[in-house]
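Data first, discussion second: the structure below is written as structure tokens.
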2 protein chains.
Amino acid sequence: MTTPSRNFFLQTFLALPLLLLALVSSAFAQSDPLPSWKDGAVKSAITDFVAKVTKDGGADFVKPQERIAVFDNDGTLWSEQPMYFQLAFALDRIKAMAPQHPEWKDTEPFKSVLAGDIKGLAASGEKGLMELMAVSHSGMTTDEYAAIVADWLKTARHPRFDRPYDELVYQPQLELLGYLRANGFKTFIVSGGGVEFMRGFAEKAYGIPPEQVIGSAGVTKFELRDGKPVLVKEPKVEFIDDGPGKPSGINNFIGRRPILAFGNSDGDQQMLEWTAAGDGARFIGIVHHTDADREWAYDRQSHIGKLDKALDEGTAKGWTIVDMKSDWLTIYPPAK
Amino acid sequence: MTTPSRNFFLQTFLALPLLLLALVSSAFAQSDPLPSWKDGAVKSAITDFVAKVTKDGGADFVKPQERIAVFDNDGTLWSEQPMYFQLAFALDRIKAMAPQHPEWKDTEPFKSVLAGDIKGLAASGEKGLMELMAVSHSGMTTDEYAAIVADWLKTARHPRFDRPYDELVYQPQLELLGYLRANGFKTFIVSGGGVEFMRGFAEKAYGIPPEQVIGSAGVTKFELRDGKPVLVKEPKVEFIDDGPGKPSGINNFIGRRPILAFGNSDGDQQMLEWTAAGDGARFIGIVHHTDADREWAYDRQSHIGKLDKALDEGTAKGWTIVDMKSDWLTIYPPAK
């Protein structure tokens with residue numbers, strides 16, 4: 001063999017694995033990580049942001065440990081109509097507990113709940129609702145509560161879609177969460193919902209582990225029962241993770257300012273502002289519920305997930321407003 | 001060439017990388033991940049536990065996402081004598097703020113602090129201490145507070161060792177934290193100390209990111225200042241992460257029961273009990289301060305880090321009691 005010929009074989013042999021690798025990488029690069037997001041300005045805003053903050057040596061590069069992404073839950077990661085899913089859980093609990101409470105037949109707000117009288121329930125106002133939440137979410141140990149939530153998620157069905165509540169999560173957001181994590185982000189829920197309620201499904205539904213779920217919390221009391229320690233849920237609020245409480249919750253639980261925040265209502269406004277106010281590149285997203293056919297259409301006048309001031313601020317400041325009807329090709333994942 | 005000979009060469013060629021790998025692995029396996037822990041029962045208890053819960057298919061195997069390890073901070077990860085380091089910070093802050101508060105010269109507990117009168121300070125009791133903590137830890141934004149802590153850590157020196165406070169961390173525990181993380185554990189601080197104070201050094205000193213630091217917290221208030229959102233630290237306690245508060249804090253922040261917990265005082269007792277009460281293998285450790293020469297010796301009679309009931313319970317239940325004097329070959333890392 002001549003020397004050139006030997007080199008040719010050698011080079012081909014050495015280059016082959018690299019060539020294969022390049023082909024495979026290119027195939028992966030071409031596969032769309034966000035197939036349920038329609039191509040357009042909104043989708044590009046997401047992918048441009050992620051490209052920018054992950055480009056090593058780029059002006060907007062953010063170290064992986066600082067890639068904190070926070071998502072509201074109700075109306076941002078799953079639906080919240082015709083009532084917050086946690087309220088549906090609370091009403092089911094009241095019905096299940098009623099046989100042990102004969103006095104509820106004559107006492108509001110329980111009477112209305114048991115009679116299925118939504119108007120009567122509404123008349124009991126915020127005080128009545130808080131009482132329902134307290135009664136249905138306290139008096140048991142944290143382990144017992146977790147078992148009750150797990151059982152409810154298995155058996156309860158959403159009235160409109162006749163599906164388990166934890167299947168009514170948004171497919172585009174599942175893709176976004178996965179895409180962010182694949183790019184080194186740590187994804188958190190920051191929601192007004194009960195932290196222990198959300199942990200009942202967050203890991204399975206979203207791939208978000210319990211320690212990355214931040215929410216409203218009740219006081220728990222440490223007790224020894226037959227020498228075994230338990231935490232008993234008390235009917236006292238410890239922290240409300242809503243509105244201005246969200247930046248406080250982020251500060252207390254995460255201790256770093258997020259670089260990406262997603263919400264859908266005025267209750268998220270301060271979290272979005274807090275995230276936007278940091279130095280460097282930021283992504284601020286709002287889910288605008290515009291799809292009465294596939295989900296619901298509501299904003300400024302809604303009692304649930306009211307989106308008014310945050311919509312004005314987001315529009316004025318160039319935040320990314322997701323028009324559910326046109327930006328999302330799919331709403332929910334297929335039934336299991 | 002005969003066929004056997006060709007096979008011999010081929011086999012040798014193919015086996016070489018495996019052989020090298022085996023040699024390298026073996027070298028790594030022989031390198032001690034805990035060189036500052038003296039060989040013996042305590043060290044074996046740690047390595048046996050980690051081997052057990054990480055052995056795929058073993059009876060005690062724990063999935064990586066459930067390998068939660070919690071550590072108290074003061075007296076468990078760093079020293080706490082002659083006073084909690086955060087109290088030293090608070091006293092320094094009072095002195096720095098004094099020129100703006102001429103009235104403090106005649107008002108307790110400030111008068112005693114400014115006069116360096118520890119007895120007078122002690123006489124002001126818990127109420128006086130709480131006032132010092134409130135004044136030194138509130139009234140500024142969270143960003144301003146973080147800058148003050150960072151500055152203090154850079155300039156303040158421990159009176160006995162003349163070293164920055166964040167160098168008085170325990171070398172054996174640094175090794176343990178790293179060893180646990182190398183084995184898929186997620187390491188958390190669960191301490192009575194202020195969460196924002198600890199975040200000033202936890203990542204650099206221990207490799208524990210802010211979102212894995214749980215501590216006592218004050219209320220923060222969201223405000224817009226010149227259109228820019230800030231969180232202002234208020235002189236109000238939100239949560240005390242001590243004693244029975246520790247299991248509540250773990251439940252609220254982590255939402256999973258740890259499989260390993262390390263403390264050093266009666267303030268950790270409920271956290272240790274809570275961890276021990278879970279199903280499956282558990283490791284419960286207590287640092288017993290027995291080394292007056294290299295650190296301090298104190299337990300049942302100490303005002304700081306009192307270890308009495310937890311020592312009895314730990315001894316009775318076979319928890320791992322670390323005798324600092326005999327189990328730790330080194331106390332602090334070398335000066336930087």
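Labeling convention for the structure tokens: chains A, B, ... as they appear, residues from 1 per chain, ligands from 1 in order of appearance.
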
Query raised in the report: Can you list, as a list in words, every protein, DNA or RNA residue that comes within 7 Å of Gly184 (chain A) when you count only C-alpha atoms, leaving out same-chain residues fewer than 4 positions away?
Result: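 So the residues in contact are Pro64, Arg67 and Leu180 of chain A.
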
Each chain B residue no farther than 10 Å from chain A, nearest pair in Å, only C-alpha atoms, as a tab-separated table:
residue	atom	partner	partner_atom	distance
B:Gln65	CA	A:Pro209	CA	8.0
B:Glu66	CA	A:Pro209	CA	9.7
B:Thr142	CA	A:Asn251	CA	8.4
B:Val195	CA	A:Asn252	CA	7.4
B:Glu196	CA	A:Gly255	CA	7.5
B:Arg199	CA	A:Gly255	CA	7.5
B:Pro209	CA	A:Gln65	CA	8.0
B:Pro210	CA	A:Gly255	CA	5.3
B:Glu211	CA	A:Ile254	CA	4.1
B:Gln212	CA	A:Ile254	CA	7.6
B:Val213	CA	A:Phe253	CA	8.0
B:Ile214	CA	A:Phe253	CA	7.5
B:Gly215	CA	A:Asn252	CA	8.9
B:Ser216	CA	A:Asn252	CA	9.4
B:Ala217	CA	A:Asn252	CA	7.2
B:Gly218	CA	A:Asn252	CA	8.9
B:Val219	CA	A:Ser248	CA	7.9
B:Thr220	CA	A:Ser248	CA	5.9
B:Lys221	CA	A:Ser248	CA	7.1
B:Phe222	CA	A:Pro244	CA	5.7
B:Glu223	CA	A:Pro244	CA	8.4
B:Leu224	CA	A:Glu273	CA	9.6
B:Gly227	CA	A:Ala277	CA	9.7
B:Lys228	CA	A:Ala277	CA	6.7
B:Pro229	CA	A:Trp274	CA	5.9
B:Val230	CA	A:Trp274	CA	7.6
B:Leu231	CA	A:Ser248	CA	7.1
B:Val232	CA	A:Ser248	CA	9.5
B:Lys233	CA	A:Ser248	CA	9.9
B:Glu238	CA	A:Glu238	CA	8.3
B:Phe239	CA	A:Glu238	CA	8.5
B:Gly243	CA	A:Phe222	CA	9.4
B:Pro244	CA	A:Phe222	CA	5.7
B:Gly245	CA	A:Phe222	CA	7.7
B:Lys246	CA	A:Phe222	CA	9.1
B:Pro247	CA	A:Phe222	CA	7.1
B:Ser248	CA	A:Thr220	CA	5.9
B:Gly249	CA	A:Thr220	CA	9.1
B:Ile250	CA	A:Glu211	CA	9.2
B:Asn251	CA	A:Thr142	CA	8.4
B:Asn252	CA	A:Ala217	CA	7.2
B:Phe253	CA	A:Glu211	CA	5.9
B:Ile254	CA	A:Glu211	CA	4.1
B:Gly255	CA	A:Pro210	CA	5.3
B:Arg256	CA	A:Pro210	CA	6.9
B:Gln270	CA	A:Phe222	CA	8.0
B:Met271	CA	A:Pro229	CA	9.8
B:Glu273	CA	A:Pro229	CA	6.8
B:Trp274	CA	A:Pro229	CA	6.0
B:Thr275	CA	A:Pro229	CA	9.4
B:Ala276	CA	A:Pro229	CA	9.3
B:Ala277	CA	A:Lys228	CA	6.7
B:Gly278	CA	A:Pro229	CA	9.6

Please produce an output containing C-alpha atoms for each residue in the selection, written as a PDB file, in the first residue's frame.
ATOM      1  CA  GLN B  65     -35.537  11.334  43.555  1.00  0.00           C
ATOM      2  CA  GLU B  66     -36.415  10.053  47.039  1.00  0.00           C
ATOM      3  CA  THR B 142     -34.045  41.552  50.151  1.00  0.00           C
ATOM      4  CA  VAL B 195     -33.098  31.439  55.459  1.00  0.00           C
ATOM      5  CA  GLU B 196     -31.792  34.563  53.724  1.00  0.00           C
ATOM      6  CA  ARG B 199     -28.210  31.643  51.511  1.00  0.00           C
ATOM      7  CA  PRO B 209     -28.182  25.945  46.198  1.00  0.00           C
ATOM      8  CA  PRO B 210     -30.589  28.567  47.634  1.00  0.00           C
ATOM      9  CA  GLU B 211     -33.698  26.528  46.793  1.00  0.00           C
ATOM     10  CA  GLN B 212     -32.431  23.736  49.055  1.00  0.00           C
ATOM     11  CA  VAL B 213     -31.997  25.964  52.093  1.00  0.00           C
ATOM     12  CA  ILE B 214     -34.914  25.948  54.553  1.00  0.00           C
ATOM     13  CA  GLY B 215     -34.843  28.201  57.576  1.00  0.00           C
ATOM     14  CA  SER B 216     -36.696  30.669  59.727  1.00  0.00           C
ATOM     15  CA  ALA B 217     -38.170  33.510  57.723  1.00  0.00           C
ATOM     16  CA  GLY B 218     -39.541  36.985  58.216  1.00  0.00           C
ATOM     17  CA  VAL B 219     -42.458  38.477  56.337  1.00  0.00           C
ATOM     18  CA  THR B 220     -41.525  40.298  53.139  1.00  0.00           C
ATOM     19  CA  LYS B 221     -43.710  42.924  51.500  1.00  0.00           C
ATOM     20  CA  PHE B 222     -43.944  43.472  47.764  1.00  0.00           C
ATOM     21  CA  GLU B 223     -43.687  47.133  46.757  1.00  0.00           C
ATOM     22  CA  LEU B 224     -43.112  49.147  43.619  1.00  0.00           C
ATOM     23  CA  GLY B 227     -41.928  51.454  39.147  1.00  0.00           C
ATOM     24  CA  LYS B 228     -39.432  48.757  40.088  1.00  0.00           C
ATOM     25  CA  PRO B 229     -40.675  45.906  42.271  1.00  0.00           C
ATOM     26  CA  VAL B 230     -38.847  45.210  45.516  1.00  0.00           C
ATOM     27  CA  LEU B 231     -39.424  42.954  48.501  1.00  0.00           C
ATOM     28  CA  VAL B 232     -39.048  44.786  51.798  1.00  0.00           C
ATOM     29  CA  LYS B 233     -38.083  42.806  54.891  1.00  0.00           C
ATOM     30  CA  GLU B 238     -43.320  34.369  59.254  1.00  0.00           C
ATOM     31  CA  PHE B 239     -42.039  30.963  60.295  1.00  0.00           C
ATOM     32  CA  GLY B 243     -37.979  22.086  67.110  1.00  0.00           C
ATOM     33  CA  PRO B 244     -41.413  20.845  65.977  1.00  0.00           C
ATOM     34  CA  GLY B 245     -41.252  23.512  63.264  1.00  0.00           C
ATOM     35  CA  LYS B 246     -38.620  21.488  61.421  1.00  0.00           C
ATOM     36  CA  PRO B 247     -40.882  18.607  60.357  1.00  0.00           C
ATOM     37  CA  SER B 248     -43.489  21.233  59.352  1.00  0.00           C
ATOM     38  CA  GLY B 249     -40.845  23.071  57.345  1.00  0.00           C
ATOM     39  CA  ILE B 250     -39.737  19.854  55.668  1.00  0.00           C
ATOM     40  CA  ASN B 251     -43.345  19.053  54.831  1.00  0.00           C
ATOM     41  CA  ASN B 252     -44.016  22.521  53.477  1.00  0.00           C
ATOM     42  CA  PHE B 253     -40.790  23.043  51.515  1.00  0.00           C
ATOM     43  CA  ILE B 254     -39.746  19.545  50.461  1.00  0.00           C
ATOM     44  CA  GLY B 255     -42.979  17.574  50.641  1.00  0.00           C
ATOM     45  CA  ARG B 256     -41.118  14.289  50.990  1.00  0.00           C
ATOM     46  CA  GLN B 270     -38.404  16.298  66.029  1.00  0.00           C
ATOM     47  CA  MET B 271     -36.695  16.430  62.633  1.00  0.00           C
ATOM     48  CA  GLU B 273     -37.830  11.558  64.837  1.00  0.00           C
ATOM     49  CA  TRP B 274     -39.799  12.522  61.745  1.00  0.00           C
ATOM     50  CA  THR B 275     -37.074  11.177  59.471  1.00  0.00           C
ATOM     51  CA  ALA B 276     -36.612   7.998  61.503  1.00  0.00           C
ATOM     52  CA  ALA B 277     -40.341   7.209  61.433  1.00  0.00           C
ATOM     53  CA  GLY B 278     -40.488   6.639  57.678  1.00  0.00           C
TER      54      GLY B 278
END

Query - Among the residues B:Ser31, B:Ser265, B:Thr187, B:Ser112, the one that comes closest to Ala69 (chain B) [using only C-alpha atoms] - result: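 Of B:Ser31, B:Ser265, B:Thr187, B:Ser112, the one nearest Ala69 (chain B), counting only C-alpha atoms, is B:Thr187.
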
Requested in this report: Could you give me, as a list in words, the residues within 9 Å of region 113-124 of chain A, counting only C-alpha atoms and dropping anything in the same chain fewer than 4 positions from it?
Outcome: Leu91, Ile94, Lys95, Ala98, Trp104, Lys105, Glu108, Pro109, Gly128 and Leu129 of chain A

Would you export the selected residues with C-alpha atoms as a compact mmCIF listing (two decimals), in the first residue's frame, please?
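Result saved to out_9.txt:
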# COMPACT_ATOMS: atom_id res chain seq x y z
CA LEU A 91 -67.10 20.00 47.71
CA ILE A 94 -67.89 17.78 52.25
CA LYS A 95 -70.33 15.33 50.66
CA ALA A 98 -71.63 14.63 55.59
CA TRP A 104 -74.59 20.27 58.26
CA LYS A 105 -78.07 19.75 56.79
CA GLU A 108 -74.51 27.13 55.80
CA PRO A 109 -72.39 26.85 53.76
CA GLY A 128 -68.21 30.43 53.53
CA LEU A 129 -65.64 29.27 51.00

DSSP on the backbone, then: every residue of region 143-207 of chain B marked strand (DSSP E or B), written as a short mmCIF file (atom, residue, chain, number, x, y, z; two decimals) with N, CA and C atoms, in the first residue's frame.
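File written: states28.cif
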data_model
loop_
_atom_site.label_atom_id
_atom_site.label_comp_id
_atom_site.auth_asym_id
_atom_site.auth_seq_id
_atom_site.Cartn_x
_atom_site.Cartn_y
_atom_site.Cartn_z
N VAL B 169 -16.57 25.90 58.75
CA VAL B 169 -17.47 24.80 58.39
C VAL B 169 -16.70 23.50 58.62
N LYS B 186 -30.15 14.42 47.22
CA LYS B 186 -30.36 15.86 47.15
C LYS B 186 -30.17 16.34 48.58
N THR B 187 -29.23 17.26 48.80
CA THR B 187 -28.90 17.70 50.15
C THR B 187 -29.57 19.03 50.47
N PHE B 188 -30.21 19.08 51.63
CA PHE B 188 -30.93 20.28 52.09
C PHE B 188 -30.39 20.73 53.45
N ILE B 189 -30.44 22.03 53.69
CA ILE B 189 -30.27 22.56 55.03
C ILE B 189 -31.65 22.78 55.61
N VAL B 190 -31.88 22.34 56.85
CA VAL B 190 -33.13 22.62 57.56
C VAL B 190 -32.71 23.15 58.93
N SER B 191 -32.74 24.47 59.06
CA SER B 191 -32.11 25.11 60.21
C SER B 191 -32.99 26.17 60.82
N GLY B 192 -32.80 26.41 62.12
CA GLY B 192 -33.48 27.51 62.78
C GLY B 192 -32.96 28.87 62.35
N GLY B 193 -31.81 28.89 61.71
CA GLY B 193 -31.22 30.15 61.24
C GLY B 193 -32.08 30.82 60.19
N GLY B 194 -31.82 32.09 59.94
CA GLY B 194 -32.58 32.83 58.94
C GLY B 194 -32.26 32.31 57.54
#

Query - Separation of CA of Leu132 (chain A) from CA of Tyr145 (chain A), in Å and rounded to one decimal - result: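 Computing it gives 15.3 Å between the two atoms.
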
Report task. Could you give me the residues within region 118-332 of chain A that DSSP places in helix (DSSP H, G or I), as a count of residues only? Result -> 92
